[in-house]
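For reference, model.cif (mmCIF, C-alpha atoms and all ligand atoms):
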```cif
data_model
#
loop_
_atom_site.label_atom_id
_atom_site.label_comp_id
_atom_site.auth_asym_id
_atom_site.auth_seq_id
_atom_site.Cartn_x
_atom_site.Cartn_y
_atom_site.Cartn_z
CA MET P 212 67.65 4.02 -70.55
CA LYS P 213 68.12 4.29 -66.78
CA LEU P 214 67.44 1.35 -64.49
CA LEU P 215 65.38 1.92 -61.34
CA SER P 216 65.37 -0.90 -58.78
CA VAL P 217 62.32 -1.05 -56.52
CA VAL P 218 63.07 -3.04 -53.36
CA VAL P 219 60.10 -4.34 -51.36
CA PRO P 220 60.57 -6.34 -48.12
CA CYS P 221 57.64 -8.71 -47.59
CA TYR P 222 56.73 -10.74 -44.55
CA ASN P 223 53.39 -12.51 -44.96
CA GLU P 224 52.11 -10.02 -47.51
CA GLU P 225 50.35 -12.34 -50.01
CA GLU P 226 47.37 -9.96 -50.24
CA ASN P 227 49.57 -6.98 -51.00
CA VAL P 228 52.02 -8.36 -53.57
CA ARG P 229 49.75 -7.85 -56.58
CA ASP P 230 48.23 -4.61 -55.31
CA PHE P 231 51.70 -3.20 -54.95
CA TYR P 232 52.63 -4.23 -58.49
CA ASP P 233 49.48 -2.60 -59.91
CA GLU P 234 50.00 0.57 -57.91
CA LEU P 235 53.66 0.87 -58.89
CA PHE P 236 52.99 0.53 -62.60
CA LYS P 237 50.29 3.20 -62.50
CA ASN P 238 53.41 5.34 -62.94
CA ALA P 239 54.06 3.67 -66.32
CA ALA P 240 53.61 6.91 -68.27
CA PHE P 241 56.12 8.65 -66.04
CA PHE P 242 58.65 5.82 -66.42
CA HIS P 243 58.19 5.95 -70.17
CA GLU P 244 58.57 9.71 -70.38
CA LYS P 245 61.78 9.73 -68.33
CA GLU P 246 63.15 6.62 -70.09
CA ILE P 247 63.27 4.67 -66.85
CA GLU P 248 63.39 0.91 -66.91
CA VAL P 249 62.11 -0.76 -63.75
CA GLU P 250 63.15 -3.92 -61.92
CA LEU P 251 60.85 -4.85 -59.08
CA ILE P 252 62.56 -6.90 -56.36
CA TYR P 253 60.42 -8.56 -53.73
CA ILE P 254 62.34 -9.82 -50.71
CA ASP P 255 60.45 -12.63 -49.03
CA ASP P 256 61.49 -12.53 -45.39
CA GLY P 257 60.58 -16.14 -44.62
CA SER P 258 56.83 -15.70 -45.08
CA GLY P 259 54.63 -18.57 -44.01
CA ASP P 260 51.81 -17.65 -46.39
CA GLY P 261 51.53 -17.50 -50.17
CA THR P 262 53.80 -14.50 -50.71
CA VAL P 263 56.34 -16.45 -52.78
CA GLN P 264 53.63 -18.05 -54.95
CA GLU P 265 52.12 -14.61 -55.60
CA VAL P 266 55.49 -13.29 -56.72
CA ARG P 267 56.06 -16.32 -58.94
CA LYS P 268 52.69 -15.71 -60.61
CA LEU P 269 53.66 -12.12 -61.31
CA ARG P 270 57.00 -13.25 -62.70
CA GLU P 271 55.27 -15.51 -65.23
CA GLN P 272 53.55 -12.43 -66.65
CA ASP P 273 56.36 -9.95 -66.26
CA THR P 274 60.09 -10.64 -66.25
CA ARG P 275 60.79 -7.32 -64.57
CA VAL P 276 59.69 -8.99 -61.32
CA HIS P 277 62.41 -10.57 -59.17
CA LEU P 278 62.49 -12.42 -55.89
CA VAL P 279 64.98 -13.17 -53.14
CA SER P 280 63.49 -15.56 -50.65
CA PHE P 281 65.01 -16.19 -47.20
CA SER P 282 65.30 -19.54 -45.46
CA ARG P 283 63.44 -18.08 -42.46
CA ASN P 284 62.38 -14.71 -41.01
CA PHE P 285 65.51 -12.58 -40.62
CA GLY P 286 63.77 -9.25 -40.05
CA LYS P 287 63.11 -6.20 -42.18
CA GLU P 288 66.64 -4.86 -41.77
CA ALA P 289 68.11 -8.02 -43.28
CA ALA P 290 65.53 -7.86 -46.09
CA ILE P 291 66.53 -4.28 -46.90
CA TYR P 292 70.19 -5.26 -47.03
CA ALA P 293 69.47 -8.22 -49.30
CA GLY P 294 67.37 -6.03 -51.58
CA LEU P 295 70.02 -3.34 -51.91
CA LYS P 296 72.58 -6.03 -52.68
CA LYS P 297 70.42 -7.58 -55.37
CA ALA P 298 69.53 -4.22 -56.95
CA GLN P 299 71.33 -3.47 -60.22
CA GLY P 300 69.87 -0.06 -60.91
CA GLU P 301 71.67 3.26 -60.89
CA LEU P 302 68.69 4.41 -58.85
CA VAL P 303 67.18 2.36 -56.04
CA VAL P 304 63.99 2.95 -54.08
CA LEU P 305 62.90 1.15 -50.91
CA MET P 306 59.18 0.67 -50.24
CA ASP P 307 56.89 -1.24 -47.89
CA ALA P 308 54.60 -3.82 -49.43
CA ASP P 309 51.50 -2.55 -47.63
CA LEU P 310 51.29 0.64 -49.76
CA GLN P 311 51.96 2.89 -46.78
CA ASP P 312 54.69 4.32 -48.99
CA PRO P 313 52.65 5.63 -51.93
CA PRO P 314 54.33 4.88 -55.29
CA ALA P 315 52.52 7.97 -56.62
CA LEU P 316 55.21 10.07 -54.93
CA LEU P 317 57.90 8.68 -57.25
CA PRO P 318 57.73 11.38 -59.95
CA GLU P 319 58.19 14.12 -57.36
CA MET P 320 61.05 12.23 -55.70
CA TYR P 321 62.71 11.71 -59.04
CA SER P 322 62.53 15.41 -59.83
CA TYR P 323 64.79 16.10 -56.84
CA ILE P 324 67.32 13.52 -58.02
CA GLU P 325 67.32 15.39 -61.34
CA GLN P 326 68.05 18.57 -59.39
CA GLY P 327 71.19 16.93 -58.06
CA TYR P 328 70.20 15.46 -54.69
CA ASP P 329 71.81 12.11 -53.82
CA SER P 330 68.82 10.78 -51.98
CA VAL P 331 65.21 11.71 -51.41
CA ALA P 332 63.74 10.60 -48.09
CA THR P 333 60.21 10.77 -46.75
CA ARG P 334 58.73 11.42 -43.36
CA ARG P 335 55.17 11.33 -42.23
CA VAL P 336 54.04 14.43 -40.40
CA THR P 337 51.07 12.76 -38.73
CA ARG P 338 50.70 9.47 -36.94
CA LYS P 339 46.99 9.25 -37.69
CA GLY P 340 45.59 5.78 -37.17
CA GLU P 341 48.35 4.66 -34.84
CA PRO P 342 47.69 3.73 -31.19
CA PRO P 343 48.48 6.81 -28.99
CA VAL P 344 50.74 4.79 -26.65
CA ARG P 345 52.83 3.74 -29.60
CA SER P 346 53.11 7.31 -30.90
CA PHE P 347 54.11 8.53 -27.44
CA PHE P 348 56.94 6.03 -27.09
CA ALA P 349 58.06 6.61 -30.66
CA ARG P 350 58.35 10.35 -29.99
CA MET P 351 60.27 9.70 -26.75
CA PHE P 352 62.63 7.39 -28.57
CA TYR P 353 63.47 9.97 -31.23
CA ARG P 354 63.98 12.67 -28.62
CA ILE P 355 66.36 10.57 -26.51
CA MET P 356 68.11 9.15 -29.53
CA ASN P 357 68.88 12.53 -31.04
CA ARG P 358 70.22 13.77 -27.75
CA ILE P 359 72.62 10.86 -27.27
CA SER P 360 73.70 10.17 -30.81
CA ARG P 361 75.64 12.28 -33.23
CA THR P 362 73.93 10.64 -36.15
CA GLU P 363 70.74 12.47 -37.02
CA ILE P 364 67.66 10.30 -36.82
CA VAL P 365 64.54 12.07 -38.03
CA ASP P 366 61.22 11.65 -36.19
CA GLY P 367 58.60 10.07 -38.40
CA ALA P 368 61.14 9.13 -41.06
CA ARG P 369 60.08 6.17 -43.15
CA ASP P 370 62.33 3.75 -44.94
CA TYR P 371 60.78 4.99 -48.21
CA ARG P 372 63.80 6.45 -49.94
CA LEU P 373 65.07 6.99 -53.46
CA MET P 374 68.85 6.77 -53.69
CA THR P 375 71.60 7.01 -56.24
CA ARG P 376 74.04 4.17 -56.77
CA GLN P 377 76.68 6.02 -54.77
CA VAL P 378 74.48 6.11 -51.65
CA VAL P 379 73.46 2.47 -52.07
CA ASP P 380 77.09 1.40 -52.29
CA ALA P 381 77.86 3.42 -49.16
CA ILE P 382 75.08 1.63 -47.28
CA LEU P 383 76.23 -1.75 -48.55
CA SER P 384 79.74 -1.02 -47.32
CA MET P 385 78.31 -1.07 -43.79
CA SER P 386 78.04 -4.80 -43.40
CA GLU P 387 77.37 -4.86 -39.65
CA TYR P 388 75.18 -7.58 -38.22
CA ASN P 389 73.11 -5.36 -35.90
CA ARG P 390 71.51 -3.22 -38.57
CA PHE P 391 69.54 -0.09 -37.71
CA THR P 392 68.79 1.30 -41.13
CA LYS P 393 67.31 4.62 -39.97
CA GLY P 394 70.66 5.35 -38.34
CA ILE P 395 72.69 4.02 -41.27
CA PHE P 396 70.91 6.43 -43.66
CA GLY P 397 71.89 9.35 -41.44
CA TRP P 398 75.39 8.05 -40.87
CA VAL P 399 76.34 7.79 -44.55
CA GLY P 400 75.29 11.41 -45.11
CA TYR P 401 75.06 12.76 -48.70
CA GLU P 402 72.71 15.46 -49.90
CA THR P 403 69.23 14.43 -48.79
CA LYS P 404 65.91 16.04 -49.68
CA TRP P 405 63.06 15.42 -47.22
CA LEU P 406 59.50 15.08 -48.47
CA GLU P 407 56.61 15.15 -46.04
CA TYR P 408 53.28 13.45 -46.34
CA GLU P 409 50.25 12.51 -44.27
CA ASN P 410 50.31 9.04 -42.78
CA VAL P 411 48.62 6.46 -44.99
CA GLU P 412 47.12 3.42 -43.33
CA ARG P 413 48.13 -0.12 -44.27
CA ARG P 414 46.10 -1.34 -47.24
CA LYS P 415 45.54 -4.95 -46.19
CA GLY P 416 46.67 -7.30 -43.44
CA GLU P 417 48.14 -6.53 -40.05
CA THR P 418 51.28 -4.70 -38.95
CA LYS P 419 54.24 -7.04 -38.51
CA PHE P 420 55.74 -5.02 -35.68
CA SER P 421 54.38 -5.62 -32.19
CA PHE P 422 55.05 -3.12 -29.42
CA TRP P 423 57.62 -5.44 -27.90
CA LYS P 424 59.41 -5.93 -31.23
CA LEU P 425 59.61 -2.15 -31.63
CA PHE P 426 60.94 -1.76 -28.09
CA VAL P 427 63.75 -4.25 -28.68
CA TYR P 428 64.42 -2.55 -32.01
CA SER P 429 64.77 0.84 -30.28
CA LEU P 430 67.37 -0.59 -27.88
CA GLU P 431 69.19 -1.93 -30.92
CA GLY P 432 69.16 1.56 -32.38
CA ILE P 433 70.61 3.08 -29.23
CA THR P 434 73.46 0.60 -28.84
CA ALA P 435 74.20 0.72 -32.56
CA PHE P 436 74.50 4.51 -32.79
CA SER P 437 75.44 5.80 -29.36
CA THR P 438 77.88 4.97 -26.58
CA VAL P 439 76.36 7.54 -24.22
CA PRO P 440 74.80 4.84 -21.96
CA LEU P 441 78.34 3.63 -21.23
CA THR P 442 79.28 7.15 -20.21
CA ILE P 443 76.23 7.28 -17.95
CA ALA P 444 77.59 4.21 -16.16
CA ALA P 445 80.98 5.88 -15.68
CA VAL P 446 79.49 9.20 -14.52
CA LEU P 447 77.18 7.47 -12.02
CA GLY P 448 80.17 5.56 -10.65
CA ALA P 449 82.19 8.75 -10.25
CA LEU P 450 79.31 10.59 -8.54
CA PHE P 451 78.83 7.81 -6.04
CA CYS P 452 82.57 7.80 -5.24
CA VAL P 453 82.53 11.53 -4.51
CA PHE P 454 79.42 11.14 -2.37
CA ALA P 455 80.95 8.23 -0.44
CA PHE P 456 84.16 10.17 0.13
CA ALA P 457 82.28 13.15 1.57
CA LEU P 458 80.28 10.80 3.79
CA ILE P 459 83.48 9.18 5.13
CA ILE P 460 84.96 12.51 6.12
CA PHE P 461 81.69 13.59 7.70
CA THR P 462 81.48 10.36 9.73
CA ILE P 463 85.09 10.58 10.95
CA VAL P 464 84.70 14.18 12.05
CA ARG P 465 81.38 13.47 13.76
CA THR P 466 82.85 10.49 15.63
CA LEU P 467 85.83 12.54 16.80
CA ILE P 468 83.57 15.27 18.14
CA PHE P 469 80.53 13.37 19.47
CA GLY P 470 81.92 9.89 20.21
CA ASP P 471 80.59 6.72 18.55
CA PRO P 472 76.93 5.95 19.18
CA THR P 473 75.98 2.82 17.20
CA SER P 474 73.08 3.93 15.06
CA GLY P 475 72.21 4.25 11.41
CA TRP P 476 71.58 0.60 10.64
CA PRO P 477 68.47 1.17 8.47
CA SER P 478 70.14 3.93 6.50
CA LEU P 479 73.13 1.67 5.89
CA VAL P 480 70.88 -1.01 4.41
CA CYS P 481 69.19 1.55 2.17
CA ILE P 482 72.50 2.81 0.88
CA ILE P 483 73.76 -0.70 0.16
CA MET P 484 70.56 -1.50 -1.73
CA LEU P 485 70.77 1.67 -3.78
CA VAL P 486 74.43 1.29 -4.65
CA SER P 487 74.13 -2.35 -5.62
CA GLY P 488 71.13 -1.44 -7.75
CA VAL P 489 73.16 1.15 -9.59
CA GLN P 490 75.99 -1.33 -10.01
CA LEU P 491 73.74 -3.95 -11.55
CA PHE P 492 72.15 -1.36 -13.83
CA CYS P 493 75.57 -0.27 -15.09
CA LEU P 494 76.66 -3.86 -15.50
CA GLY P 495 73.52 -4.36 -17.58
CA ILE P 496 74.47 -1.47 -19.86
CA VAL P 497 77.94 -2.91 -20.35
CA GLY P 498 76.30 -6.27 -20.99
CA GLN P 499 74.16 -4.79 -23.76
CA TYR P 500 77.20 -3.60 -25.65
CA LEU P 501 79.07 -6.80 -24.95
CA SER P 502 76.24 -8.90 -26.35
CA LYS P 503 76.12 -6.78 -29.52
CA MET P 504 79.86 -7.17 -29.91
CA TYR P 505 79.53 -10.89 -29.36
CA MET P 506 77.03 -11.18 -32.21
CA GLU P 507 79.18 -8.93 -34.36
CA VAL P 508 82.45 -10.89 -33.94
CA LYS P 509 80.72 -14.14 -34.83
CA ARG P 510 80.43 -12.75 -38.37
CA ARG P 511 77.29 -14.68 -39.08
CA PRO P 512 75.64 -13.96 -42.43
CA ILE P 513 72.90 -11.32 -42.24
CA TYR P 514 70.48 -13.57 -44.17
CA LEU P 515 70.36 -16.91 -45.95
CA VAL P 516 68.83 -17.28 -49.40
CA LYS P 517 66.48 -20.06 -50.39
CA GLU P 518 65.42 -18.86 -53.81
CA ASP P 519 66.66 -16.07 -56.05
CA PHE P 520 65.51 -15.03 -59.53
N1 LIG C 1 58.64 -6.75 -42.85
C1 LIG C 1 59.65 -7.66 -43.14
N2 LIG C 1 60.12 -8.47 -42.15
C2 LIG C 1 59.63 -8.43 -40.87
C3 LIG C 1 58.62 -7.49 -40.58
C4 LIG C 1 58.14 -6.66 -41.59
O1 LIG C 1 60.13 -7.73 -44.27
O2 LIG C 1 60.10 -9.18 -40.02
C5 LIG C 1 58.13 -5.87 -43.93
C6 LIG C 1 56.61 -5.92 -44.10
O3 LIG C 1 56.22 -6.98 -44.93
C7 LIG C 1 56.32 -4.56 -44.72
C8 LIG C 1 57.39 -3.68 -44.10
O4 LIG C 1 58.41 -4.54 -43.60
O5 LIG C 1 56.48 -4.56 -46.12
C9 LIG C 1 56.84 -2.82 -42.99
O6 LIG C 1 56.15 -3.61 -42.06
P1 LIG C 1 54.78 -3.17 -41.40
O7 LIG C 1 53.91 -2.49 -42.41
O8 LIG C 1 54.19 -4.36 -40.72
O9 LIG C 1 55.27 -2.13 -40.31
P2 LIG C 1 54.57 -0.76 -39.89
O10 LIG C 1 54.25 -0.04 -41.17
O11 LIG C 1 53.37 -1.14 -39.14
O12 LIG C 1 55.60 -0.07 -39.07
MG MG C 2 53.20 -0.74 -42.72
#
```
File written out as structure tokens:
Amino acid sequence: MKLLSVVVPCYNEEENVRDFYDELFKNAAFFHEKEIEVELIYIDDGSGDGTVQEVRKLREQDTRVHLVSFSRNFGKEAAIYAGLKKAQGELVVLMDADLQDPPALLPEMYSYIEQGYDSVATRRVTRKGEPPVRSFFARMFYRIMNRISRTEIVDGARDYRLMTRQVVDAILSMSEYNRFTKGIFGWVGYETKWLEYENVERRKGETKFSFWKLFVYSLEGITAFSTVPLTIAAVLGALFCVFAFALIIFTIVRTLIFGDPTSGWPSLVCIIMLVSGVQLFCLGIVGQYLSKMYMEVKRRPIYLVKEDF
């Protein structure tokens, strides 16, 4: 028998816990045929609703159900890390609780593992049902990100992924505090098969990611997987130095030839404003990295557990 660990991060998903369980075990025949044993691990990310009670109810009926519950909301990235740590299986799959990652894809994903792939990832080819503004910014983010980072980050990639033990251990070895899982998947490498599917809308409840939360998350992704913004600061500085140097020579020559009429006050003010703006902007970039480093050197735990079975 092979053990498959199914890791499901949940934040206020009481209405989805049971639906997910039912949907997953519709694959029972497939699990049986391939001699796969399943452990289902719900990670409760500090939900304020009945998520934990729902999981406990399931556990009473089925001991394959497990729970790690956090002391508060630590974010999906922390939940994923906790789930991978808890997972015992030689195969591990990550899925959202809202059934946007259809468990019906599992047999196909598994067939690629049998063919020798180390991980099978999914991406949605459409963003049907998503607000257009959100799609636009998401596309922009992926375009910029892939230009400034050496790690490949695939547009539309979901966290729905089936991995071998080797890949899971590689991910766990990255114990950084600022976790950007989409980047981590790309960074660890290994042979990955990409499956594509049409976007499925959330079964019940509301999305847990506001636009603002996604924006902050995208900045996290950039600082975690690229140092290009720091280079931008340096390049801007160098350009301005060259420009200033040329201007100095021009001014000296002009004064020597035409004398020294006192003019150019407004332009001086404009230049000072522009240059100090650029300076503050660059300082801000440095600050971003500094703040990430600050959080990193504190070595705080990524999550705290309240309950674990
Ligand atoms: N989630 C979580 N912690 C959070 C936010 C979300 O564990 O702080 C979980 C959530 O319960 C769901 C998954 O992450 O299972 C994806 O969230 P959601 O469906 O809200 O995101 P979307 O699909 O809209 O991007
Ligand atoms: Mg969702």
(message) Using all atoms listed in the file, which residues have at least one atom no more than 8 Å from ligand LIG 1 (chain C)? Output them as an MDAnalysis selection string.
(response) chainID P and resid 219:224 254:256 284:288 290:291 306:309 311 413 417:420
So for region 249-265 of chain P, what box centre and size do we get, axis-aligned, 5 Å extra on each of the six sides, every listed atom, Å to one decimal, as AutoDock Vina command-line options?
```
--center_x 57.3 --center_y -9.7 --center_z -53.9 --size_x 21.6 --size_y 27.8 --size_z 29.7
```
(request) Tell me which protein, DNA and RNA residues are within 7 Å of region 315-318 of chain P, counting all atoms listed in the file, leaving out same-chain ones fewer than 2 positions away, and put them as a ChimeraX atom specification. (result) /P:238,241,313,320-322
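Ranking P:Ala240, P:Asp370, P:Gly257, P:Ile252 by their shortest atom-to-atom distance to ligand MG 2 (chain C), with all atoms listed in the file included, puts P:Asp370 first.
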(message) Report as a list in words all protein, DNA and RNA residues lying within 10 Å of Ser429 (chain P), evaluated on all atoms listed in the file, omitting residues in the same chain fewer than 2 positions from it.
(response) Phe348, Ala349, Phe352, Tyr353, Met356, Phe391, Trp423, Lys424, Leu425, Phe426, Val427, Glu431, Gly432, Ile433, Thr434 and Ala435 of chain P
(request) Determine, counting all atoms listed in the file, which protein, DNA and RNA residues have an atom within 10 Å of an atom of Gln499 (chain P); residues of the same chain fewer than 5 positions away are not included. Present the result as an MDAnalysis selection string. (result) chainID P and resid 430:431 434 440:441 493:494 504:505
(request) Find the spatial neighbours of Arg510 (chain P), counting all atoms listed in the file, within a cut-off of 10 Å - ignore same-chain residues fewer than 5 positions away - and output them as number ranges by chain. (result) P: 386-388, 505
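CA of Leu278 (chain P) lies 9.7 Å from CA of Val218 (chain P).
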(request) Considering only C-alpha atoms, return as a VMD selection string whatever protein or nucleic-acid residues lie within 9 Å of Ala298 (chain P), sequence-local ones (same chain, fewer than 4 positions apart) excluded. (result) chain P and resid 215 to 218 250 to 252 293 to 294 302 to 303
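Closest approach to ligand MG 2 (chain C) among P:Ser478, P:Ser487, P:Ser282, P:Ser421 is made by P:Ser421 (distances from all atoms listed in the file).
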(message) For a quick check of understanding, using all atoms listed in the file, which of P:Arg414, P:Arg511, P:Arg390, P:Arg465 has the smallest distance to ligand MG 2 (chain C)?
(response) P:Arg414
(request) Go through P:Ser346, P:Thr392, P:Thr337, P:Asn410 and flag the residue nearest ligand MG 2 (chain C), using only C-alpha atoms and all ligand atoms for the distances. (result) P:Asn410
